[in-house]
>>> print(open('my_file.csv').read())   # CSV, C-alpha atoms
chain,number,residue,atom,x,y,z
S,1,MET,CA,-15.3,2.9,-20.5
S,2,SER,CA,-13.0,0.8,-22.7
S,3,GLU,CA,-11.5,-2.6,-21.9
S,4,HIS,CA,-8.0,-1.0,-21.9
S,5,ASP,CA,-8.9,1.5,-19.2
S,6,ASN,CA,-10.3,-1.3,-17.0
S,7,THR,CA,-7.1,-3.3,-17.4
S,8,GLU,CA,-5.0,-0.4,-16.3
S,9,LEU,CA,-7.3,0.3,-13.4
S,10,ALA,CA,-7.1,-3.4,-12.3
S,11,LEU,CA,-3.3,-3.2,-12.5
S,12,VAL,CA,-3.1,0.0,-10.4
S,13,ASP,CA,-5.6,-1.6,-7.9
S,14,ALA,CA,-3.5,-4.8,-7.7
S,15,LEU,CA,-0.3,-2.7,-7.1
S,16,ASP,CA,-2.1,-0.7,-4.4
S,17,HIS,CA,-3.0,-3.9,-2.6
S,18,LEU,CA,0.6,-5.2,-3.0
S,19,LEU,CA,2.3,-2.1,-1.7
S,20,ASP,CA,-0.1,-0.8,0.9
S,21,ARG,CA,-1.5,-3.8,2.8
S,22,GLY,CA,-0.4,-7.0,4.4
S,23,VAL,CA,1.4,-8.1,7.6
S,24,VAL,CA,4.7,-6.4,8.3
S,25,ILE,CA,7.4,-8.7,9.5
S,26,ALA,CA,10.8,-7.2,8.6
S,27,GLY,CA,11.8,-5.3,11.7
S,28,GLU,CA,14.9,-3.7,10.1
S,29,ALA,CA,12.8,-1.1,8.3
S,30,VAL,CA,12.0,0.8,11.4
S,31,ILE,CA,12.3,4.5,10.9
S,32,SER,CA,11.8,6.7,13.9
S,33,ILE,CA,11.2,10.5,14.0
S,34,GLY,CA,10.7,12.7,17.0
S,35,GLY,CA,11.5,9.6,19.0
S,36,VAL,CA,8.4,7.7,17.8
S,37,ASP,CA,8.9,4.5,15.8
S,38,LEU,CA,7.1,4.5,12.5
S,39,LEU,CA,7.5,1.1,11.0
S,40,TYR,CA,7.5,1.6,7.3
S,41,LEU,CA,8.4,-1.4,5.2
S,42,GLY,CA,7.8,0.2,1.8
S,43,LEU,CA,10.7,2.6,2.4
S,44,ASN,CA,13.2,0.1,1.1
S,45,VAL,CA,11.3,0.2,-2.2
S,46,VAL,CA,12.2,3.8,-2.5
S,47,LEU,CA,15.7,3.4,-1.2
S,48,ALA,CA,16.4,0.7,-3.7
S,49,ASN,CA,15.9,3.3,-6.4
S,50,VAL,CA,18.4,5.6,-4.8
S,51,ASP,CA,20.9,2.7,-4.9
S,52,ALA,CA,20.4,2.3,-8.6
S,53,LEU,CA,21.2,6.0,-9.1
S,54,VAL,CA,24.4,5.8,-7.1
S,55,ARG,CA,25.6,2.8,-9.2
S,56,VAL,CA,25.0,4.7,-12.4
S,57,LYS,CA,27.1,7.6,-11.0
S,58,ASP,CA,30.0,5.3,-10.0
S,59,ARG,CA,30.2,3.8,-13.5
S,60,ASP,CA,30.9,7.3,-14.9
S,61,ARG,CA,34.0,8.0,-12.8
O,62,MET,CA,20.0,-14.6,-4.7
O,63,LYS,CA,17.4,-13.2,-2.4
O,64,SER,CA,13.8,-14.3,-2.0
O,65,ILE,CA,11.0,-11.8,-2.1
O,66,ALA,CA,8.3,-13.0,0.3
O,67,ILE,CA,4.7,-13.0,-0.9
O,68,GLY,CA,2.6,-14.8,1.8
O,69,VAL,CA,2.2,-17.2,4.6
O,70,HIS,CA,0.4,-20.4,3.8
O,71,LEU,CA,-0.9,-23.5,5.6
O,72,ARG,CA,0.6,-26.1,3.2
O,73,SER,CA,3.5,-26.3,0.8
O,74,GLU,CA,1.1,-27.8,-1.8
O,75,ASP,CA,-0.7,-24.5,-1.7
O,76,ILE,CA,2.4,-22.8,-3.1
O,77,GLU,CA,4.4,-25.0,-5.5
O,78,PRO,CA,5.1,-24.8,-8.3
O,79,LEU,CA,3.8,-21.3,-8.6
O,80,ALA,CA,6.4,-20.0,-6.2
O,81,ALA,CA,9.1,-21.4,-3.8
O,82,ALA,CA,7.9,-22.7,-0.5
O,83,THR,CA,10.1,-22.1,2.5
O,84,PRO,CA,9.2,-23.8,5.8
O,85,ALA,CA,8.7,-21.4,8.7
O,86,GLY,CA,7.7,-23.4,11.8
O,87,ALA,CA,4.4,-25.1,11.1
O,88,LEU,CA,3.6,-22.8,8.2
O,89,PHE,CA,5.2,-22.0,4.8
O,90,VAL,CA,6.3,-18.8,3.3
O,91,SER,CA,5.9,-18.3,-0.5
O,92,ALA,CA,8.6,-16.4,-2.3
O,93,VAL,CA,10.0,-15.4,-5.7
O,94,PRO,CA,13.8,-15.7,-5.9
O,95,VAL,CA,15.6,-12.8,-7.7
O,96,PRO,CA,19.2,-11.7,-8.2
O,97,GLU,CA,20.8,-10.1,-5.2
O,98,ASP,CA,21.1,-6.7,-6.9
O,99,GLN,CA,17.5,-6.7,-8.3
O,100,SER,CA,15.8,-3.4,-7.4
O,101,LEU,CA,12.7,-3.9,-5.4
O,102,SER,CA,11.0,-0.9,-6.9
O,103,ASP,CA,11.2,-2.2,-10.5
O,104,ARG,CA,7.8,-1.8,-12.0
O,105,ASP,CA,8.0,-5.0,-14.1
O,106,LEU,CA,8.9,-7.0,-11.0
O,107,LEU,CA,6.0,-5.5,-9.1
O,108,VAL,CA,3.6,-6.5,-11.9
O,109,ARG,CA,5.1,-10.0,-11.9
O,110,ILE,CA,4.7,-10.4,-8.1
O,111,SER,CA,1.1,-9.2,-8.4
O,112,GLY,CA,0.5,-12.0,-10.9
O,113,VAL,CA,2.1,-14.7,-8.7
O,114,ARG,CA,-0.1,-13.5,-5.8
O,115,ALA,CA,-3.2,-13.8,-7.9
O,116,ALA,CA,-2.3,-17.3,-9.0
O,117,LEU,CA,-1.5,-18.4,-5.5
O,118,LEU,CA,-4.9,-17.0,-4.3
O,119,GLU,CA,-6.7,-19.2,-6.8
O,120,ARG,CA,-5.1,-22.2,-5.1
O,121,ALA,CA,-5.8,-21.4,-1.5
O,122,THR,CA,-6.2,-18.4,0.8
O,123,PHE,CA,-3.0,-17.1,2.5
O,124,ILE,CA,-1.9,-14.2,4.6
O,125,ALA,CA,-0.3,-11.5,2.5
O,126,ILE,CA,3.1,-10.2,3.6
O,127,ARG,CA,3.7,-6.5,3.0
O,128,TYR,CA,5.8,-6.1,-0.1
O,129,GLY,CA,9.5,-5.4,0.5
O,130,PHE,CA,10.6,-8.3,2.8
O,131,ALA,CA,13.4,-10.2,1.1
O,132,PHE,CA,15.2,-13.1,2.9
O,133,ARG,CA,18.4,-15.0,2.1
O,134,SER,CA,17.8,-18.2,4.1
O,135,ALA,CA,15.1,-20.4,5.4
O,136,ALA,CA,16.4,-19.7,9.0
O,137,GLU,CA,15.9,-16.0,8.4
O,138,ALA,CA,12.3,-16.4,7.2
O,139,GLU,CA,11.4,-18.7,10.1
O,140,ALA,CA,13.0,-16.4,12.7
O,141,LYS,CA,11.0,-13.4,11.4
O,142,CYS,CA,7.7,-15.4,11.5
O,143,ALA,CA,8.2,-17.1,14.8
O,144,GLN,CA,6.3,-14.7,17.0
O,145,TYR,CA,3.2,-14.7,14.9
O,146,ALA,CA,3.2,-18.3,13.7
O,147,ALA,CA,0.6,-19.6,16.2
O,148,LYS,CA,-1.8,-16.7,15.6
O,149,TRP,CA,-1.4,-17.0,11.8
O,150,LYS,CA,-2.0,-20.8,11.8
O,151,LYS,CA,-5.3,-20.2,13.7
O,152,LEU,CA,-6.4,-17.5,11.2
O,153,LEU,CA,-5.4,-19.6,8.2
O,154,GLU,CA,-7.4,-22.6,9.5
O,155,GLU,CA,-10.4,-20.5,10.4
O,156,HIS,CA,-10.5,-18.6,7.1
O,157,ARG,CA,-9.5,-21.5,4.9
O,158,HIS,CA,-12.4,-20.9,2.4
O,159,ARG,CA,-12.6,-17.2,2.7
O,160,VAL,CA,-11.1,-14.3,0.8
O,161,GLU,CA,-11.1,-10.5,1.2
O,162,LEU,CA,-12.9,-7.9,-0.9
O,163,THR,CA,-12.4,-4.1,-1.0
O,164,LEU,CA,-14.9,-1.5,-2.0
O,165,ARG,CA,-13.1,1.8,-2.5
O,166,VAL,CA,-15.1,5.0,-2.8
O,167,ALA,CA,-13.8,8.4,-3.9
O,168,ALA,CA,-14.8,10.8,-1.2
O,169,ALA,CA,-14.8,14.6,-0.7
O,170,GLY,CA,-12.4,15.6,2.1
O,171,SER,CA,-11.4,19.0,3.4
O,172,ALA,CA,-8.3,21.0,2.4
O,173,ARG,CA,-4.9,20.0,3.9
O,174,PRO,CA,-3.9,22.1,6.9
O,175,GLN,CA,-1.0,24.4,6.1
O,176,ARG,CA,2.2,24.0,8.2
O,177,ARG,CA,2.6,27.8,8.5
O,178,ASP,CA,-0.7,28.1,10.4
O,179,PHE,CA,0.6,26.1,13.3
O,180,GLN,CA,3.1,26.6,16.1
O,181,SER,CA,2.6,23.4,18.1
O,182,GLY,CA,3.5,20.0,16.7
O,183,ALA,CA,0.6,18.3,18.4
O,184,GLU,CA,-1.9,20.8,16.9
O,185,PHE,CA,-0.4,20.3,13.5
O,186,LEU,CA,-0.6,16.5,13.7
O,187,ARG,CA,-4.1,16.5,15.1
O,188,ALA,CA,-5.2,18.9,12.3
O,189,LEU,CA,-3.6,16.6,9.7
O,190,HIS,CA,-5.2,13.6,11.2
O,191,SER,CA,-8.7,15.2,11.4
O,192,SER,CA,-8.5,16.4,7.8
O,193,ALA,CA,-7.3,13.0,6.5
O,194,ARG,CA,-10.1,11.2,8.4
O,195,SER,CA,-12.9,13.6,7.3
O,196,ALA,CA,-13.4,11.9,4.0
O,197,ARG,CA,-17.2,11.4,3.8
O,198,VAL,CA,-19.2,8.9,1.9
O,199,ASP,CA,-22.6,9.8,0.4
O,200,ASP,CA,-25.3,8.6,2.9
O,201,ALA,CA,-27.4,7.0,0.2
O,202,PHE,CA,-24.4,5.1,-1.1
O,203,ARG,CA,-23.4,3.9,2.4
O,204,ALA,CA,-27.0,2.7,3.0
O,205,ALA,CA,-26.9,0.8,-0.4
O,206,VAL,CA,-23.6,-0.8,0.5
O,207,GLU,CA,-24.9,-1.9,3.9
O,208,GLU,CA,-28.0,-3.4,2.2
O,209,LEU,CA,-26.3,-5.0,-0.8
O,210,ILE,CA,-22.7,-5.9,0.0
O,211,ALA,CA,-22.2,-6.1,3.8
O,212,PRO,CA,-24.7,-8.9,4.3
O,213,LEU,CA,-22.7,-11.1,2.0
O,214,CYS,CA,-19.7,-10.8,4.2
O,215,VAL,CA,-18.6,-12.8,7.3
O,216,LYS,CA,-17.2,-9.5,8.6
O,217,SER,CA,-16.9,-6.0,7.2
O,218,HIS,CA,-15.9,-2.6,8.3
O,219,TRP,CA,-15.3,0.9,6.8
O,220,ALA,CA,-11.7,2.2,6.9
O,221,PRO,CA,-10.4,5.6,5.9
O,222,ARG,CA,-7.6,5.4,3.3
O,223,ASP,CA,-6.6,9.0,2.8
O,224,GLU,CA,-8.1,12.4,2.0
O,225,LYS,CA,-9.3,11.1,-1.4
O,226,SER,CA,-10.9,7.8,-0.6
O,227,ILE,CA,-12.6,5.6,2.0
O,228,GLU,CA,-12.9,1.8,1.8
O,229,LEU,CA,-15.1,-1.0,2.9
O,230,CYS,CA,-13.0,-4.1,3.8
O,231,GLY,CA,-14.8,-7.4,3.8
O,232,LEU,CA,-14.2,-11.0,4.5
O,233,ILE,CA,-16.3,-13.3,2.4
O,234,GLU,CA,-16.8,-17.0,1.7
O,235,ARG,CA,-15.3,-17.9,-1.7
O,236,SER,CA,-18.6,-19.6,-2.7
O,237,ARG,CA,-20.4,-16.2,-2.4
O,238,LEU,CA,-18.2,-14.4,-4.9
O,239,PRO,CA,-20.8,-14.8,-7.7
O,240,ASN,CA,-23.4,-13.2,-5.4
O,241,LEU,CA,-20.9,-10.4,-4.8
O,242,SER,CA,-20.5,-9.8,-8.5
O,243,ARG,CA,-24.3,-9.4,-8.9
O,244,ALA,CA,-24.5,-7.2,-5.8
O,245,GLY,CA,-21.8,-5.0,-7.3
O,246,GLN,CA,-23.7,-4.6,-10.5
O,247,ALA,CA,-26.8,-3.7,-8.5
O,248,LEU,CA,-24.8,-1.1,-6.6
O,249,LYS,CA,-23.6,0.4,-9.8
O,250,ALA,CA,-27.1,0.6,-11.1
O,251,ARG,CA,-28.5,2.1,-8.0
O,252,CYS,CA,-25.7,4.7,-7.5
O,253,PRO,CA,-24.4,5.6,-10.9
O,254,HIS,CA,-22.9,8.9,-9.8
O,255,VAL,CA,-20.7,7.7,-6.9
O,256,PRO,CA,-17.2,6.8,-8.1
O,257,PHE,CA,-16.4,3.4,-6.6
O,258,LEU,CA,-14.2,0.4,-7.3
O,259,LEU,CA,-15.2,-3.1,-6.0
O,260,SER,CA,-12.6,-5.7,-6.4
O,261,ALA,CA,-12.1,-9.3,-5.2
O,262,PRO,CA,-10.7,-11.8,-4.3
O,263,TRP,CA,-7.8,-10.7,-2.3
O,264,PRO,CA,-5.7,-12.7,0.2
O,265,LEU,CA,-6.0,-12.0,4.0
O,266,GLU,CA,-4.5,-8.5,4.3
O,267,VAL,CA,-6.7,-6.5,6.6
O,268,PHE,CA,-8.4,-9.2,8.7
O,269,THR,CA,-5.3,-10.4,10.3
O,270,ASP,CA,-5.3,-7.9,13.1
O,271,ALA,CA,-7.0,-8.5,16.4
O,272,ASP,CA,-8.1,-4.9,16.3
O,273,HIS,CA,-10.8,-5.6,13.8
O,274,GLU,CA,-12.5,-8.4,15.7
U,275,MET,CA,-13.6,-9.4,-10.4
U,276,LEU,CA,-13.6,-5.6,-10.8
U,277,ILE,CA,-16.7,-3.5,-10.8
U,278,THR,CA,-16.4,0.2,-11.1
U,279,ASN,CA,-18.1,3.5,-11.9
U,280,ASP,CA,-14.8,4.7,-13.3
U,281,ASP,CA,-14.1,8.3,-12.5
U,282,GLU,CA,-11.2,10.8,-12.5
U,283,ARG,CA,-11.6,11.2,-8.7
U,284,LEU,CA,-11.2,7.4,-8.2
U,285,ARG,CA,-8.1,7.3,-10.3
U,286,GLU,CA,-6.7,10.3,-8.3
U,287,SER,CA,-7.3,8.4,-5.1
U,288,LEU,CA,-5.1,5.6,-6.4
U,289,THR,CA,-2.2,8.0,-7.4
U,290,LEU,CA,-0.1,7.5,-4.3
U,291,THR,CA,0.6,4.0,-5.7
U,292,GLU,CA,1.5,5.5,-9.1
U,293,SER,CA,3.9,8.0,-7.6
U,294,ALA,CA,5.4,5.4,-5.3
U,295,ILE,CA,6.6,3.5,-8.4
U,296,PRO,CA,9.0,5.9,-10.2
U,297,ASP,CA,9.7,5.1,-13.8
U,298,ARG,CA,13.1,3.9,-14.9
U,299,ILE,CA,15.9,6.2,-14.0
U,300,SER,CA,17.9,7.3,-17.0
U,301,ALA,CA,21.3,5.8,-17.4
U,302,ASP,CA,22.5,8.7,-19.6
U,303,PRO,CA,25.3,10.5,-17.5
U,304,GLU,CA,24.3,14.0,-18.6
U,305,ILE,CA,20.6,13.5,-17.8
U,306,VAL,CA,21.6,11.9,-14.5
U,307,GLU,CA,23.9,14.9,-13.6
U,308,ASN,CA,21.3,17.5,-14.4
U,309,GLY,CA,18.3,15.7,-13.0
U,310,LEU,CA,20.2,14.5,-9.8
U,311,ALA,CA,19.0,17.3,-7.5
U,312,ARG,CA,15.5,17.0,-8.7
U,313,LEU,CA,15.3,13.3,-8.4
U,314,VAL,CA,16.9,13.2,-4.9
U,315,LEU,CA,14.5,15.9,-3.7
U,316,ALA,CA,11.6,14.1,-5.2
U,317,ILE,CA,12.5,11.0,-3.4
U,318,VAL,CA,13.0,12.9,-0.1
U,319,GLU,CA,9.5,14.4,-0.6
U,320,LEU,CA,8.1,11.0,-1.2
U,321,VAL,CA,9.7,9.8,2.0
U,322,ARG,CA,8.3,12.7,3.8
U,323,ARG,CA,4.8,11.9,2.5
U,324,LEU,CA,5.1,8.3,3.4
U,325,LEU,CA,6.3,9.2,6.9
U,326,GLU,CA,3.4,11.5,7.3
U,327,LYS,CA,1.0,8.7,6.2
U,328,GLN,CA,2.5,6.4,8.7
U,329,ALA,CA,2.3,8.9,11.5
U,330,LEU,CA,-1.5,9.2,10.7
U,331,ARG,CA,-1.8,5.5,11.0
U,332,ARG,CA,-0.2,5.7,14.5
U,333,MET,CA,-2.7,8.4,15.3
U,334,ASP,CA,-5.5,6.0,14.2
U,335,GLY,CA,-4.2,3.4,16.7
U,336,GLY,CA,-4.9,5.9,19.4
U,337,ASN,CA,-1.9,4.7,21.5
U,338,LEU,CA,0.3,7.8,21.4
U,339,SER,CA,1.0,9.8,24.5
U,340,GLU,CA,0.7,13.6,24.5
U,341,GLU,CA,4.5,13.9,24.4
U,342,GLU,CA,4.7,11.6,21.4
U,343,ILE,CA,2.1,13.4,19.5
U,344,GLU,CA,3.9,16.7,20.1
U,345,SER,CA,7.2,15.2,19.2
U,346,LEU,CA,6.0,13.5,16.0
U,347,GLY,CA,4.0,16.6,14.9
U,348,SER,CA,7.0,18.8,15.5
U,349,ALA,CA,9.3,16.5,13.5
U,350,LEU,CA,6.8,16.5,10.6
U,351,MET,CA,6.7,20.3,10.7
U,352,LYS,CA,10.5,20.4,10.6
U,353,LEU,CA,10.6,18.0,7.6
U,354,GLU,CA,8.2,20.2,5.7
U,355,ASP,CA,10.3,23.3,6.6
U,356,LYS,CA,13.4,21.5,5.3
U,357,MET,CA,11.7,20.6,2.1
U,358,THR,CA,10.6,24.2,1.6
U,359,GLU,CA,14.2,25.4,2.2
U,360,LEU,CA,15.7,22.8,-0.2
U,361,LYS,CA,13.2,23.6,-2.9
U,362,GLY,CA,14.1,27.3,-2.5
U,363,VAL,CA,17.9,26.5,-2.8
U,364,PHE,CA,17.5,24.5,-6.0
U,365,GLY,CA,14.8,26.6,-7.5
U,366,LEU,CA,12.3,23.7,-7.7
U,367,SER,CA,8.5,23.9,-7.4
U,368,ASP,CA,6.1,21.3,-6.2
U,369,ASP,CA,5.3,20.4,-9.8
U,370,ASP,CA,9.0,19.9,-10.5
U,371,LEU,CA,9.0,17.3,-7.8
U,372,ASN,CA,6.0,15.4,-8.9
U,373,LEU,CA,7.1,11.8,-9.2
U,374,SER,CA,4.1,10.6,-11.1
U,375,LEU,CA,5.7,10.0,-14.5
U,376,GLY,CA,2.9,8.8,-16.6
U,377,PRO,CA,0.4,6.0,-16.7
U,378,ILE,CA,1.4,2.6,-15.5
U,379,LYS,CA,2.3,0.3,-18.4
U,380,THR,CA,-0.1,-2.5,-18.9
U,381,LEU,CA,0.7,-6.1,-19.5
U,382,ASP,CA,1.1,-7.1,-23.1
>>> encode(input="my_file.csv", output="structure tokens")
Amino acid sequence: MSEHDNTELALVDALDHLLDRGVVIAGEAVISIGGVDLLYLGLNVVLANVDALVRVKDRDR
Amino acid sequence: MKSIAIGVHLRSEDIEPLAAATPAGALFVSAVPVPEDQSLSDRDLLVRISGVRAALLERATFIAIRYGFAFRSAAEAEAKCAQYAAKWKKLLEEHRHRVELTLRVAAAGSARPQRRDFQSGAEFLRALHSSARSARVDDAFRAAVEELIAPLCVKSHWAPRDEKSIELCGLIERSRLPNLSRAGQALKARCPHVPFLLSAPWPLEVFTDADHE
Amino acid sequence: MLITNDDERLRESLTLTESAIPDRISADPEIVENGLARLVLAIVELVRRLLEKQALRRMDGGNLSEEEIESLGSALMKLEDKMTELKGVFGLSDDDLNLSLGPIKTLD
């Protein structure tokens, strides 16, 4: 296994720790389906990307 | 400007100058200020934040905040932390010289249940749950981990991650990290055919819940 | 420290992280137009997967009532049905919606 592979794996591992663990304190990211609250903070990471897409479209009008 | 929160710390000296320290009751929140329109899912930003976290951890142990919380004022940060502040202070004092480790193991799970095979929502969800939690670890490997790694930890427990992996989460004294490194090499030598990834140190991420006591 | 018996299966187990970090969205208007449906559906599929993962975490907690389990499971089934319908409408397959756009760039 090369040094390069290990660096990439370490990076993916670090990002996994960053995105998938930790205390959740921002209550505004509550999504609820079927009447059950599913607190998911990472959702705004995804939504932020949708924002970027909308801005690109607006520039083209 | 908005501030992307990284962690909760006992002292502001634990944070500056690596990141900005914002007082939140008796504790301090570390954060990285970014432009208001900065996308949180930017890969370069994520890599940068990971780097700041690692540097902060070298200074002192902190409680990691799940990525995505961005605040615009100290008042906002303090308000959000208020209900947990007392509990967190206690944890930070107790685990001042400890860090977390994770040992992730690739596991064989069963195939995902197909939606079309189910009529009832409860049956579908139960089947999904059972399938996700059926990830199994090789018995010999588990025994080796219990012998080599677990005894180095103050606390440890196994936790399922998803259909593809299962994980040992551990809380360990910083001073024992060299022992952990040796134990990891021994584990690798003893179980060369089990795909695993042992990494440390990490901030307090899992051992902040009363559930794990 | 990082000690590993590196293996394809291990990398696969970390791929949810990879697919949760989409690569840069193209700013070229033509590409944006043509890829719009695919990108939006890919993001909706990602959200569906994340919601499912979160639902499983609630199941782990063991605190859901029978009604809540039925309600949650039923909503997840409907989400899957909707995705299947949308994929049909736009003529997209599961592969088309795969958000994993290549290896993560390393630090230089």
>>> interface_residues(input="my_file.csv", of="chain O", to="chain S", cutoff="10 Å", atoms="all atoms listed in the file", output="NGL selection string")
:O and (67-69 or 98-104 or 107-108 or 110-112 or 114-115 or 124-132 or 138 or 141-145 or 163 or 165 or 258-260 or 263-270)
>>> residues_near_point(input="my_file.csv", point="(0.4, 23.9, 11.6)", cutoff="9 Å", atoms="all atoms listed in the file", output="JSON, numbers by chain")
{"O": [174, 175, 176, 177, 178, 179, 180, 181, 182, 183, 184, 185, 186, 188, 189], "U": [347, 351]}
>>> closest_residue(input="my_file.csv", among="U:Asp280, U:Arg331, U:Leu324, U:Glu319", to="S:Glu8", atoms="only C-alpha atoms")
U:Asp280
>>> closest_residue(input="my_file.csv", among="U:Ser345, U:Asp368, U:Ala311, U:Glu354", to="U:Arg323", atoms="only C-alpha atoms")
U:Glu354
>>> atom_distance(input="my_file.csv", atom1="atom CA of O:Val113", atom2="atom CA of O:Pro96")
17.4 Å
>>> closest_residue(input="my_file.csv", among="O:Arg203, O:Glu97, O:Arg187, O:Ala146", to="U:Glu342", atoms="only C-alpha atoms")
O:Arg187
>>> closest_residue(input="my_file.csv", among="U:Val321, U:Asn279, U:Lys361, U:Lys356", to="chain O", atoms="all atoms listed in the file")
U:Asn279
>>> atom_distance(input="my_file.csv", atom1="atom CA of O:Glu161", atom2="atom CA of O:Gly231")
5.5 Å
>>> residues_around(input="my_file.csv", residues="O:Leu213", least_positions_apart="5", cutoff="10 Å", atoms="only C-alpha atoms", output="list in words")
Glu207, Glu208, Gly231, Leu232, Ile233, Glu234, Arg237, Leu238, Asn240, Leu241 and Ala244 of chain O
>>> atom_distance(input="my_file.csv", atom1="atom CA of O:Leu106", atom2="atom CA of S:Asn6")
20.9 Å
>>> closest_atom_pairs(input="my_file.csv", of="chain U", to="chain O", cutoff="6 Å", atoms="all atoms listed in the file", output="Markdown table")
| residue | atom | partner | partner_atom | distance |
| --- | --- | --- | --- | --- |
| U:Met275 | CA | O:Ala261 | CA | 5.4 |
| U:Leu276 | CA | O:Ser260 | CA | 4.5 |
| U:Ile277 | CA | O:Leu259 | CA | 5.0 |
| U:Thr278 | CA | O:Leu258 | CA | 4.4 |
| U:Asn279 | CA | O:Pro256 | CA | 5.1 |
| U:Asp281 | CA | O:Pro256 | CA | 5.6 |
| U:Arg283 | CA | O:Ala167 | CA | 6.0 |
| U:Leu284 | CA | O:Ala167 | CA | 5.1 |
| U:Ser287 | CA | O:Lys225 | CA | 5.0 |
| U:Leu330 | CA | O:His190 | CA | 5.8 |
| U:Ile343 | CA | O:Ala183 | CA | 5.2 |
| U:Glu344 | CA | O:Ala183 | CA | 4.0 |
| U:Gly347 | CA | O:Gly182 | CA | 3.9 |
| U:Ser348 | CA | O:Gly182 | CA | 3.9 |
>>> closest_residue(input="my_file.csv", among="U:Ala349, U:Met333, U:Leu320, U:Ser339", to="chain S", atoms="only C-alpha atoms")
U:Ala349
>>> closest_residue(input="my_file.csv", among="U:Glu340, U:Ala316, U:Ser367, U:Leu346", to="chain S", atoms="only C-alpha atoms")
U:Leu346
>>> residues_around(input="my_file.csv", residues="O:Ala147", least_positions_apart="5", cutoff="12 Å", atoms="only C-alpha atoms", output="list in words")
Val69, Leu71, Ala85, Gly86, Ala87, Leu88, Cys142, Leu152, Leu153 and Glu154 of chain O
